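Peer 1: There's a structure below that I have some questions on.
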Amino acid sequence: MLEVKGVKTYYLTDEGQVKAVDGVSFAMERGETLGLAGESGCGKTTLALTITRLLPRNARVISGEIYFDGVEILSLDEEEFRKIRWKDISIIFQEAMNALNPVRRVGDQIVEAILLHENVAREEAVDRVMNALEMVGIDRERFWHYPHEFSGGMRQSALIAMALVCNPKLVIADEPVTALDVMVRAQVLKLIKELQSKMDLSMILITHDLSVIAETCDRVAIMYAGKIVEIGDVISIFKDPKHPYTKGLVKAFPSIYGPRELPASISGTPPDLLNPPSGCRFHPRCPHVMDICKVEEPEMKRINGKQYVACHLY
Amino acid sequence: MGMRWHLYKKRLKSTWNVYKRNKKGMVGLTITLIFIFIAIFGPYITPYDPKKIDKTAMWEPPSFKHWLGTDNLGRDILSQLLYGTRISLLVGLFATLISMALGTLIGLLAGYYAESLLGELLERVIDFFLVIPYLPLMIVFATVMREMEIKLPLFWIVIIAIGITGWSGTARVVRSQTLSVKERQFIERARSIGAGDFDIVFRHILPNILPLVFAEAVLTIGGSIIAEAALSFIGLGDPTHISWGMMLNYAFTYAAPLRGAYWFFIPPGLAILILVLGMTLTGYALDEVLNPRLRER
């Protein structure tokens, strides 16, 4: 359904090109949830903005193709893409970023999404929004309330309702629970899981929190310095990570049931995307670094079943 | 729908509760309401016809018969003052409506398109109107409109002249607020759900700056009333209507200060002063209540 092929998105700055997304390829099937994980600044959000074509003005898609239901969406003009966005591909915004207009009723803001894309009467749209609010566990009459009268969790739920109200085929959630406290986060994750099974949603979930991915995703892609270094089904990746970076990430989370040991950290600092390291981008921080890593970029190799990794060790 | 109105009432009540605690605001509001009351009912409670000439009672000082005395033609000053409240307030109100519409529209566009040529151009226009002293500019507008023989009553020419000179302050405030609002996340969200420039400016940004415009409007009414008085005083007003400015104009034309007829020019001057003070207090208080950053808890 979604196929991303060799996408490169660079930011043009005074210091040079920031290679935020540098040759990313993956494919998704209908009904699948793909987690996109990696440390801050690895290009996760830029990739999401590239797919939804909401990049800031100084960003350029240098190369690559993105097929959605067989249509190449990067070459569509803005007007054509506006029809696809929200109707076919929608976004769950991060509540902490104040994605709701504080002086307009929550319901009206969701109605706007329907009316901009579908030729329906306002009354019908209002009714649909009320149903959508109910679906995410918010009382119908809350339609008339303002954002400040909602709790943080309700606002995040309202943004989920906003993303689903036009019945999109693909939903992209960028850090949907990052700023929520633990209890509310659990509620919102439960809601996302319920909706996945109820609506047969395809979803890309972006987060730096592997536990969120473990709970909600079928597959996971690990990004490092603008590239996907490992991709595979959630169980394989968590049980048997192959890439040294993935291993580091998984180890950085304390295990509740395993033996008591201190979470390990990955030494070194994230790479400078203005001048990324040669060869494998992880080599300056890699504990298994070999000579070849410094000169040659590793290719994606299939390890077993659905698990792929880009590393010279394999 | 019941829920909707209930919420609306609740919100209004909570705003009022905050406003109530603002002492200066309450003084200002009381003054303003008294003048509005006079403006509505003034013509019905005037003791005399304000235009009725009485040659037997010229230049009479205040007495029980004429509480505020009479003018050069024996007309009752108190009646003129009460009657003039309506004209002064109406001119102030209509001129402010024009100023607010112009100021809000130009400010919104200048802010939203700040990076483009249009925004740059509008910003220069705003600056131009800000630095030119408003009185000469208004005199020029009023004179030009009179000379052009526009088929409009003088009353409206005065209003338009005041309205199209008094918008720049509002435009500046709206522009800077627009610059800040348009960078906020919900604007980007609105754009990503497919909202166009028109939707974003009028449905998303405008509601955010409306309280500011409201407070600005109350302040501008005061300024417009002074402007009307100034125009009338120098003889560019509408002589067929009695306004406070017109009263001052007559008083000085007929040398009331030289004759010691203080009752002729002090009442309208004081009325302007008190009303504008009331409006200004109300405006600042509204600004404090509606602008969360200034709200005193």
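To be explicit about the labels: the chains of the structure tokens are called A, B, and onward in the order shown, and within each one the residues are counted from 1, while ligands get numbers from 1 in the order they are shown.
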With 10 Å as the limit and counting only C-alpha atoms, what residues in chain A lie close to chain B? Please list them as a ChimeraX atom specification.

Peer 2: /A:52-54,79,81-87,90-104,109-110,112-117,141-146,162-163

Peer 1: Sorted by chain and rising residue number, which residues of segment 144-227 of chain A lie within 10 Å of segment 236-239 of chain A, and what are their closest atom pairs and distances in Å to one decimal, counting only C-alpha atoms, as a tab-separated table?

Peer 2:
residue	atom	partner	partner_atom	distance
A:Leu210	CA	A:Phe238	CA	9.1
A:Ala214	CA	A:Phe238	CA	8.0
A:Arg219	CA	A:Ile237	CA	8.6
A:Val220	CA	A:Ile237	CA	7.6
A:Ala221	CA	A:Ile237	CA	9.1
A:Ile222	CA	A:Ile237	CA	9.4

Peer 1: With C-alpha atoms retained, write the just-selected residues as a PDB file, in the first residue's frame.

Peer 2:
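Saved file out.pdb follows:
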ATOM      1  CA  LEU A 210      10.724   1.425  22.353  1.00  0.00           C
ATOM      2  CA  ALA A 214       6.551  -3.020  21.624  1.00  0.00           C
ATOM      3  CA  ARG A 219       6.998  -4.228  12.636  1.00  0.00           C
ATOM      4  CA  VAL A 220       9.670  -1.783  13.612  1.00  0.00           C
ATOM      5  CA  ALA A 221      12.241   0.183  11.664  1.00  0.00           C
ATOM      6  CA  ILE A 222      15.280   1.517  13.512  1.00  0.00           C
TER       7      ILE A 222
END

Peer 1: Would you mind reading off the distance between atom CA of Glu228 of chain B and atom CA of Ala215 of chain B, one decimal, in Å?

Peer 2: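 Atom-to-atom, atom CA of Glu228 of chain B to atom CA of Ala215 of chain B, that is 20.5 Å.
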
Peer 1: Can you pull out the residues contacting segment 114-119 of chain B? Cut-off 9 Å, using only C-alpha atoms, and skip same-chain residues under 4 positions away; I want them as a list in words.

Peer 2: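 The residues that qualify are Leu109, Ala110, Glu123, Arg124, Arg175 and Leu179 of chain B.
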
Peer 1: Would you save the residues of that selection, restricted to N, CA and C atoms, as a PDB file, in the first residue's frame?

Peer 2:
ATOM      1  N   LEU B 109      -3.423  41.013   7.251  1.00  0.00           N
ATOM      2  CA  LEU B 109      -2.736  40.729   5.984  1.00  0.00           C
ATOM      3  C   LEU B 109      -1.249  41.055   6.098  1.00  0.00           C
ATOM      4  N   ALA B 110      -0.942  42.203   6.732  1.00  0.00           N
ATOM      5  CA  ALA B 110       0.471  42.591   6.875  1.00  0.00           C
ATOM      6  C   ALA B 110       1.223  41.550   7.687  1.00  0.00           C
ATOM      7  N   GLU B 123       3.161  47.085   5.639  1.00  0.00           N
ATOM      8  CA  GLU B 123       3.868  47.531   6.825  1.00  0.00           C
ATOM      9  C   GLU B 123       4.289  48.994   6.668  1.00  0.00           C
ATOM     10  N   ARG B 124       4.758  49.331   5.462  1.00  0.00           N
ATOM     11  CA  ARG B 124       5.157  50.732   5.201  1.00  0.00           C
ATOM     12  C   ARG B 124       3.953  51.656   5.301  1.00  0.00           C
ATOM     13  N   ARG B 175      -1.030  43.321  13.649  1.00  0.00           N
ATOM     14  CA  ARG B 175       0.050  42.740  12.845  1.00  0.00           C
ATOM     15  C   ARG B 175       1.025  41.958  13.729  1.00  0.00           C
ATOM     16  N   LEU B 179       1.728  37.929  13.660  1.00  0.00           N
ATOM     17  CA  LEU B 179       3.058  37.346  13.458  1.00  0.00           C
ATOM     18  C   LEU B 179       3.314  36.230  14.458  1.00  0.00           C
TER      19      LEU B 179
END
